[in-house]
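The structure appears right after this line, and notes come after that.
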Amino acid sequence: MKRPTLEAVAARAGVSRATVSRVVNGQMTVTPQIRDAVMRAVDELGYVPNSAARSLVTQRTDSIALVVSEPPTRVFSEDPMFSTVIRSASLELEAADKQVVLMLGGSAQNHARIERYIASGHVDGVMLISMHGADPLPSAIARMGVPVVSYGRPPVPVPLPYVDNDNVGGAGKAVRHLLDGGRRRIATIAGPQDMVGGQDRLKGYRDALRESDRRSIVAVGDFTRESGAVAMRHLLQDDPDLDAVFVANDLMAIGALQTLRQAGRRVPDDVAVVGFDDIEAARFTEPPLTTIRHPVIEQAAAMVRLLLGLFNDGPADPVILPTELVVRDSA
């Protein structure tokens with residue numbers, strides 16, 4: 001059977017082809033009675049609009065690029081945060097009748113490919129996730145005039161709308177919880193310092209220690225479990241008497257727990273541990289991990305709403321969501 005055409009719908013509804021086009025493209029220049037007649041004809045014939053032709057009329061593709069600046073191994077196997085963000089943003093976009101185009105920008109070659117794709121007009125907007133250092137994508141996309149938002153405060157001085165969580169305040173809550181528990185030598189395993197999340201969580205740690213006149217003890221990881229284990233070994237070598245550690249994400253905290261167990265340090269008796277993010281695995285560590293809950297699902301949904309609002313000249317003000325201390329057995 002042939003695919004129903006716009007002309008067939010027009011004949012069934014008793015209107016012109018132009019009127020059908022206006023209705024299926026969402027224009028409000030027809031009467032409710034005519035709109036109802038056209039939609040009945042659409043349903044009866046099983047008409048599906050041609051997306052390419054519709055794009056020519058509306059100048060919209062109804063597609064959104066979700067760009068993650070990480071390699072595939074990190075996105076799909078190592079860090080559950082990415083799958084949560086991608087799933088949550090995709091559900092919000094699907095509810096708005098938008099198509100998601102997932103693009104990974106973990107290399108310079110991929111960056112160039114993504115720039116070409118966006119510049120060619122294949123998407124209406126872009127959401128950027130997990131940017132590092134002087135990432136060229138934000139500036140390049142901003143020059144194209146394509147609406148773009150960032151998951152997290154951008155690491156480059158480009159005035160992009162963004163949605164973030166209170167990384168500084170959350171880290172401060174973690175450190176104050178350790179201080180209130182009587183801990184005196186509190187170290188941190190910071191996240192990568194080419195990422196704003198890593199920078200802000202380290203700042204929150206240092207600010208809270210400065211208020212209590214304690215010195216900083218810092219090792220740096222890359223948000224992976226392995227780097228947390230290695231950083232914890234370095235901390236124990238540098239300061240064997242430390243009695244607590246704030247870790248900038250839960251994956252690194254899981255690695256730190258492994259190192260402490262191998263070193264014969266009891267958690268929390270000898271060393272208390274607090275993570276950040278509250279991933280599902282945090283509830284099943286031994287002991288269960290005290291952490292800072294990062295509202296991942298809410299942040300992804302807010303990012304989508306911010307981007308969709310930009311299509312209608314909505315506000316581009318940053319959105320900062322609160323964090324919450326979740327107390328379990330590790331601290």
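Residues in the structure tokens are numbered from 1 in each chain, the chains being A, B, ... in the order shown, and ligands are numbered from 1 in the order shown.
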Residues within 12 Å of Ser83 (chain A), only C-alpha atoms, excluding chain neighbours under 3 positions, as an MDAnalysis selection string = chainID A and resid 68 72:80 86:90 102 129 279 296:297 300
Could you name the residues that touch region 108-114 of chain A at 10 Å or less, counting only C-alpha atoms, but leaving out those on the same chain fewer than 5 positions away, as a PyMOL selection string?
-> chain A and resi 65+67+69+71+103+119-120+135-137+141
Generate the output file for the selected residues, C-alpha atoms, as a PDB file, in the first residue's frame.
```pdb
ATOM      1  CA  ALA A  65      22.194  16.398  20.446  1.00  0.00           C
ATOM      2  CA  VAL A  67      27.078  15.407  23.706  1.00  0.00           C
ATOM      3  CA  SER A  69      32.859  14.524  26.288  1.00  0.00           C
ATOM      4  CA  PRO A  71      35.265   7.891  25.747  1.00  0.00           C
ATOM      5  CA  MET A 103      27.285  11.834  20.511  1.00  0.00           C
ATOM      6  CA  ALA A 119      26.880  23.069  11.931  1.00  0.00           C
ATOM      7  CA  SER A 120      25.044  21.143   9.195  1.00  0.00           C
ATOM      8  CA  ASP A 135      36.995  22.117  25.660  1.00  0.00           C
ATOM      9  CA  PRO A 136      36.546  23.757  22.208  1.00  0.00           C
ATOM     10  CA  LEU A 137      32.943  22.616  21.744  1.00  0.00           C
ATOM     11  CA  ILE A 141      28.612  25.802  19.201  1.00  0.00           C
TER      12      ILE A 141
END
```
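Atom pair CA of Arg185 (chain A) / CA of Arg215 (chain A) has a distance of 7.9 Å (rounded to one decimal).
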According to DSSP computed on the backbone, where in region 52-293 of chain A is there strand (DSSP E or B)? Give the residues as a PDB file with N, CA and C atoms, in the first residue's frame.
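Saved to result_36.pdb:
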```pdb
ATOM      1  N   SER A  63      15.164  17.315  16.763  1.00  0.00           N
ATOM      2  CA  SER A  63      16.242  16.477  17.295  1.00  0.00           C
ATOM      3  C   SER A  63      17.151  17.310  18.182  1.00  0.00           C
ATOM      4  N   ILE A  64      17.619  16.695  19.260  1.00  0.00           N
ATOM      5  CA  ILE A  64      18.515  17.342  20.215  1.00  0.00           C
ATOM      6  C   ILE A  64      19.768  16.498  20.363  1.00  0.00           C
ATOM      7  N   ALA A  65      20.933  17.109  20.261  1.00  0.00           N
ATOM      8  CA  ALA A  65      22.194  16.398  20.446  1.00  0.00           C
ATOM      9  C   ALA A  65      22.559  16.375  21.928  1.00  0.00           C
ATOM     10  N   LEU A  66      22.816  15.180  22.440  1.00  0.00           N
ATOM     11  CA  LEU A  66      23.295  14.997  23.800  1.00  0.00           C
ATOM     12  C   LEU A  66      24.767  14.617  23.678  1.00  0.00           C
ATOM     13  N   VAL A  67      25.653  15.576  23.954  1.00  0.00           N
ATOM     14  CA  VAL A  67      27.078  15.407  23.706  1.00  0.00           C
ATOM     15  C   VAL A  67      27.800  15.131  25.023  1.00  0.00           C
ATOM     16  N   VAL A  68      28.434  13.972  25.124  1.00  0.00           N
ATOM     17  CA  VAL A  68      29.175  13.581  26.319  1.00  0.00           C
ATOM     18  C   VAL A  68      30.663  13.563  25.969  1.00  0.00           C
ATOM     19  N   GLN A  99      13.607  13.998  19.415  1.00  0.00           N
ATOM     20  CA  GLN A  99      14.486  12.868  19.163  1.00  0.00           C
ATOM     21  C   GLN A  99      15.863  13.149  19.765  1.00  0.00           C
ATOM     22  N   VAL A 100      16.447  12.144  20.423  1.00  0.00           N
ATOM     23  CA  VAL A 100      17.756  12.308  21.055  1.00  0.00           C
ATOM     24  C   VAL A 100      18.834  11.749  20.134  1.00  0.00           C
ATOM     25  N   VAL A 101      19.885  12.533  19.929  1.00  0.00           N
ATOM     26  CA  VAL A 101      21.047  12.082  19.168  1.00  0.00           C
ATOM     27  C   VAL A 101      22.225  12.067  20.138  1.00  0.00           C
ATOM     28  N   LEU A 102      22.670  10.871  20.548  1.00  0.00           N
ATOM     29  CA  LEU A 102      23.780  10.740  21.497  1.00  0.00           C
ATOM     30  C   LEU A 102      25.095  10.788  20.739  1.00  0.00           C
ATOM     31  N   MET A 103      25.997  11.676  21.169  1.00  0.00           N
ATOM     32  CA  MET A 103      27.285  11.834  20.511  1.00  0.00           C
ATOM     33  C   MET A 103      28.377  11.867  21.575  1.00  0.00           C
ATOM     34  N   LEU A 104      29.454  11.092  21.353  1.00  0.00           N
ATOM     35  CA  LEU A 104      30.556  11.008  22.306  1.00  0.00           C
ATOM     36  C   LEU A 104      31.741  11.799  21.782  1.00  0.00           C
ATOM     37  N   GLY A 125      19.106  21.847  19.010  1.00  0.00           N
ATOM     38  CA  GLY A 125      19.788  22.308  20.211  1.00  0.00           C
ATOM     39  C   GLY A 125      20.772  21.260  20.690  1.00  0.00           C
ATOM     40  N   VAL A 126      21.594  21.649  21.659  1.00  0.00           N
ATOM     41  CA  VAL A 126      22.676  20.789  22.137  1.00  0.00           C
ATOM     42  C   VAL A 126      22.712  20.823  23.660  1.00  0.00           C
ATOM     43  N   MET A 127      22.922  19.651  24.266  1.00  0.00           N
ATOM     44  CA  MET A 127      23.170  19.547  25.697  1.00  0.00           C
ATOM     45  C   MET A 127      24.568  18.964  25.892  1.00  0.00           C
ATOM     46  N   LEU A 128      25.403  19.665  26.637  1.00  0.00           N
ATOM     47  CA  LEU A 128      26.796  19.273  26.841  1.00  0.00           C
ATOM     48  C   LEU A 128      26.964  18.660  28.228  1.00  0.00           C
ATOM     49  N   ILE A 129      27.657  17.527  28.285  1.00  0.00           N
ATOM     50  CA  ILE A 129      27.869  16.815  29.549  1.00  0.00           C
ATOM     51  C   ILE A 129      29.348  16.477  29.705  1.00  0.00           C
ATOM     52  N   VAL A 148      22.186  26.006  23.290  1.00  0.00           N
ATOM     53  CA  VAL A 148      23.007  25.004  23.969  1.00  0.00           C
ATOM     54  C   VAL A 148      22.939  25.240  25.466  1.00  0.00           C
ATOM     55  N   VAL A 149      22.893  24.144  26.226  1.00  0.00           N
ATOM     56  CA  VAL A 149      22.957  24.215  27.680  1.00  0.00           C
ATOM     57  C   VAL A 149      23.990  23.211  28.153  1.00  0.00           C
ATOM     58  N   SER A 150      24.478  23.415  29.374  1.00  0.00           N
ATOM     59  CA  SER A 150      25.511  22.558  29.928  1.00  0.00           C
ATOM     60  C   SER A 150      25.013  21.867  31.186  1.00  0.00           C
ATOM     61  N   TYR A 151      25.338  20.580  31.312  1.00  0.00           N
ATOM     62  CA  TYR A 151      25.101  19.836  32.550  1.00  0.00           C
ATOM     63  C   TYR A 151      26.308  20.085  33.446  1.00  0.00           C
ATOM     64  N   TYR A 162      23.368  26.917  32.131  1.00  0.00           N
ATOM     65  CA  TYR A 162      23.744  25.619  32.691  1.00  0.00           C
ATOM     66  C   TYR A 162      22.895  25.278  33.901  1.00  0.00           C
ATOM     67  N   VAL A 163      22.879  23.965  34.215  1.00  0.00           N
ATOM     68  CA  VAL A 163      22.239  23.454  35.426  1.00  0.00           C
ATOM     69  C   VAL A 163      23.304  22.699  36.204  1.00  0.00           C
ATOM     70  N   ASP A 164      23.459  23.026  37.467  1.00  0.00           N
ATOM     71  CA  ASP A 164      24.491  22.394  38.289  1.00  0.00           C
ATOM     72  C   ASP A 164      23.904  22.064  39.649  1.00  0.00           C
ATOM     73  N   ASN A 165      24.667  21.314  40.439  1.00  0.00           N
ATOM     74  CA  ASN A 165      24.298  21.127  41.828  1.00  0.00           C
ATOM     75  C   ASN A 165      25.292  21.888  42.702  1.00  0.00           C
ATOM     76  N   ILE A 186      41.534  15.176  58.438  1.00  0.00           N
ATOM     77  CA  ILE A 186      40.604  14.855  57.350  1.00  0.00           C
ATOM     78  C   ILE A 186      41.267  15.127  56.005  1.00  0.00           C
ATOM     79  N   ALA A 187      41.458  14.068  55.230  1.00  0.00           N
ATOM     80  CA  ALA A 187      42.045  14.190  53.892  1.00  0.00           C
ATOM     81  C   ALA A 187      40.925  14.229  52.856  1.00  0.00           C
ATOM     82  N   THR A 188      41.313  14.488  51.621  1.00  0.00           N
ATOM     83  CA  THR A 188      40.356  14.397  50.515  1.00  0.00           C
ATOM     84  C   THR A 188      40.994  13.729  49.317  1.00  0.00           C
ATOM     85  N   ILE A 189      40.185  12.994  48.582  1.00  0.00           N
ATOM     86  CA  ILE A 189      40.554  12.541  47.237  1.00  0.00           C
ATOM     87  C   ILE A 189      39.726  13.393  46.288  1.00  0.00           C
ATOM     88  N   ALA A 190      40.374  14.379  45.683  1.00  0.00           N
ATOM     89  CA  ALA A 190      39.686  15.337  44.821  1.00  0.00           C
ATOM     90  C   ALA A 190      39.483  14.759  43.429  1.00  0.00           C
ATOM     91  N   VAL A 218      45.611  16.467  50.520  1.00  0.00           N
ATOM     92  CA  VAL A 218      44.941  16.298  49.226  1.00  0.00           C
ATOM     93  C   VAL A 218      45.662  15.297  48.334  1.00  0.00           C
ATOM     94  N   ALA A 219      44.884  14.377  47.757  1.00  0.00           N
ATOM     95  CA  ALA A 219      45.304  13.567  46.618  1.00  0.00           C
ATOM     96  C   ALA A 219      44.257  13.768  45.533  1.00  0.00           C
ATOM     97  N   VAL A 220      44.644  13.543  44.293  1.00  0.00           N
ATOM     98  CA  VAL A 220      43.742  13.808  43.163  1.00  0.00           C
ATOM     99  C   VAL A 220      43.524  12.529  42.357  1.00  0.00           C
ATOM    100  N   ALA A 244      40.049  10.384  58.613  1.00  0.00           N
ATOM    101  CA  ALA A 244      38.854  10.563  57.791  1.00  0.00           C
ATOM    102  C   ALA A 244      39.265  10.999  56.392  1.00  0.00           C
ATOM    103  N   VAL A 245      38.386  10.706  55.427  1.00  0.00           N
ATOM    104  CA  VAL A 245      38.636  11.152  54.054  1.00  0.00           C
ATOM    105  C   VAL A 245      37.307  11.481  53.386  1.00  0.00           C
ATOM    106  N   PHE A 246      37.257  12.655  52.789  1.00  0.00           N
ATOM    107  CA  PHE A 246      36.137  13.028  51.929  1.00  0.00           C
ATOM    108  C   PHE A 246      36.564  12.756  50.491  1.00  0.00           C
ATOM    109  N   VAL A 247      35.761  11.975  49.783  1.00  0.00           N
ATOM    110  CA  VAL A 247      36.094  11.572  48.420  1.00  0.00           C
ATOM    111  C   VAL A 247      35.103  12.222  47.460  1.00  0.00           C
ATOM    112  N   ALA A 272      37.084   7.268  58.789  1.00  0.00           N
ATOM    113  CA  ALA A 272      35.732   7.499  58.284  1.00  0.00           C
ATOM    114  C   ALA A 272      35.803   7.934  56.819  1.00  0.00           C
ATOM    115  N   VAL A 273      34.812   7.540  56.040  1.00  0.00           N
ATOM    116  CA  VAL A 273      34.810   7.846  54.600  1.00  0.00           C
ATOM    117  C   VAL A 273      33.451   8.427  54.207  1.00  0.00           C
ATOM    118  N   VAL A 274      33.492   9.550  53.473  1.00  0.00           N
ATOM    119  CA  VAL A 274      32.285  10.149  52.903  1.00  0.00           C
ATOM    120  C   VAL A 274      32.510  10.344  51.407  1.00  0.00           C
ATOM    121  N   GLY A 275      31.534   9.932  50.600  1.00  0.00           N
ATOM    122  CA  GLY A 275      31.624  10.104  49.153  1.00  0.00           C
ATOM    123  C   GLY A 275      30.749  11.252  48.673  1.00  0.00           C
ATOM    124  N   PHE A 276      30.469  11.241  47.367  1.00  0.00           N
ATOM    125  CA  PHE A 276      29.638  12.284  46.752  1.00  0.00           C
ATOM    126  C   PHE A 276      28.943  11.662  45.545  1.00  0.00           C
ATOM    127  N   ASP A 277      27.650  11.883  45.419  1.00  0.00           N
ATOM    128  CA  ASP A 277      26.788  11.501  44.286  1.00  0.00           C
ATOM    129  C   ASP A 277      25.633  10.619  44.722  1.00  0.00           C
ATOM    130  N   THR A 290      28.439   6.527  53.511  1.00  0.00           N
ATOM    131  CA  THR A 290      27.888   7.864  53.747  1.00  0.00           C
ATOM    132  C   THR A 290      28.302   8.750  52.579  1.00  0.00           C
ATOM    133  N   THR A 291      27.378   9.561  52.068  1.00  0.00           N
ATOM    134  CA  THR A 291      27.680  10.309  50.853  1.00  0.00           C
ATOM    135  C   THR A 291      26.818  11.566  50.758  1.00  0.00           C
ATOM    136  N   ILE A 292      27.116  12.363  49.775  1.00  0.00           N
ATOM    137  CA  ILE A 292      26.322  13.548  49.459  1.00  0.00           C
ATOM    138  C   ILE A 292      25.457  13.229  48.245  1.00  0.00           C
ATOM    139  N   ARG A 293      24.144  13.332  48.428  1.00  0.00           N
ATOM    140  CA  ARG A 293      23.238  13.012  47.322  1.00  0.00           C
ATOM    141  C   ARG A 293      23.198  14.162  46.331  1.00  0.00           C
TER     142      ARG A 293
END
```
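CA of Gly133 (chain A) is positioned 28.5 Å from CA of Ala281 (chain A).
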Which of region 19-216 of chain A DSSP labels helix (DSSP H, G or I), written as a PyMOL selection string | chain A and resi 19-24+32-45+51-58+72-78+80-95+108-119+137-144+167-180+196-211
Pick out the closest residue to Glu70 (chain A) from this set: A:Arg40, A:Arg12, A:Lys98, A:His132. Count only C-alpha atoms.
-> A:His132
Select, from A:Arg201, A:Arg210, A:His294, A:Arg183, the residue with the minimum atom-to-atom distance to Asn167 (chain A), counting only C-alpha atoms.
-> A:Arg201
When distances are computed from only C-alpha atoms, which of A:Ser21, A:Ser330, A:Ser130, A:Ser107 shows the smallest separation from Phe82 (chain A)?
->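 Checking each candidate against Phe82 (chain A), we get A:Ser130 as the closest.
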Polymer residues at most 9 Å from region 30-36 of chain A, only C-alpha atoms, same-chain spacing of 5 or more positions, as an MDAnalysis selection string | chainID A and resid 13 15 19:20 22:23 41
Write the residues you've just listed into a file as a short mmCIF file (atom, residue, chain, number, x, y, z; two decimals), in the first residue's frame, and include N, CA and C atoms for each of them.
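The new file selection-v3.cif reads:
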```
data_model
loop_
_atom_site.label_atom_id
_atom_site.label_comp_id
_atom_site.auth_asym_id
_atom_site.auth_seq_id
_atom_site.Cartn_x
_atom_site.Cartn_y
_atom_site.Cartn_z
N ALA A 13 -10.57 15.58 4.03
CA ALA A 13 -11.06 16.61 4.95
C ALA A 13 -11.84 17.70 4.23
N VAL A 15 -10.47 20.19 2.40
CA VAL A 15 -9.75 21.46 2.54
C VAL A 15 -8.58 21.45 1.57
N THR A 19 -3.85 24.08 3.86
CA THR A 19 -4.50 24.05 5.18
C THR A 19 -4.05 22.83 5.96
N VAL A 20 -3.97 21.67 5.31
CA VAL A 20 -3.48 20.46 5.99
C VAL A 20 -2.06 20.67 6.47
N ARG A 22 -0.60 23.42 7.33
CA ARG A 22 -0.59 24.29 8.51
C ARG A 22 -0.99 23.53 9.76
N VAL A 23 -1.97 22.65 9.64
CA VAL A 23 -2.44 21.90 10.81
C VAL A 23 -1.36 20.93 11.30
N ALA A 41 -9.17 13.14 9.40
CA ALA A 41 -8.68 12.56 8.14
C ALA A 41 -7.30 11.94 8.32
#
```
9 Å contact set for Leu308 (chain A), only C-alpha atoms, chain neighbours under 3 positions out, as a PDB file with C-alpha atoms, in the first residue's frame:
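Here's the written file around_12.pdb:
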```pdb
ATOM      1  CA  LEU A  93      12.941  14.960  25.597  1.00  0.00           C
ATOM      2  CA  ALA A  96       8.395  16.781  24.563  1.00  0.00           C
ATOM      3  CA  GLY A 125      19.788  22.308  20.211  1.00  0.00           C
ATOM      4  CA  PRO A 147      20.776  26.840  21.493  1.00  0.00           C
ATOM      5  CA  MET A 303      18.616  20.912  31.778  1.00  0.00           C
ATOM      6  CA  VAL A 304      16.009  19.773  29.238  1.00  0.00           C
ATOM      7  CA  ARG A 305      13.484  22.352  30.437  1.00  0.00           C
ATOM      8  CA  PHE A 311      13.605  27.879  21.825  1.00  0.00           C
ATOM      9  CA  ASN A 312      10.932  30.337  22.962  1.00  0.00           C
ATOM     10  CA  GLY A 314      12.945  31.850  27.777  1.00  0.00           C
TER      11      GLY A 314
END
```
Pick out the residues sitting within 10 Å of Asp238 (chain A), and hand them over as a list in words; count only C-alpha atoms, and ignore anything fewer than 4 positions along from it in its own chain.
->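 Selected residues are Ile217, Val218, Ala219, Met232, Arg233, His234 and Leu242 of chain A.
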With only C-alpha atoms as the atoms that count, which of A:Arg328, A:Arg283, A:Arg214, A:Arg225 lies nearest to Ala256 (chain A)?
-> A:Arg225
Rank A:Leu235, A:Val168, A:Leu179, A:Ala174 by their smallest atom-to-atom distance to Gln199 (chain A), using only C-alpha atoms, and report the top residue only.
-> A:Val168
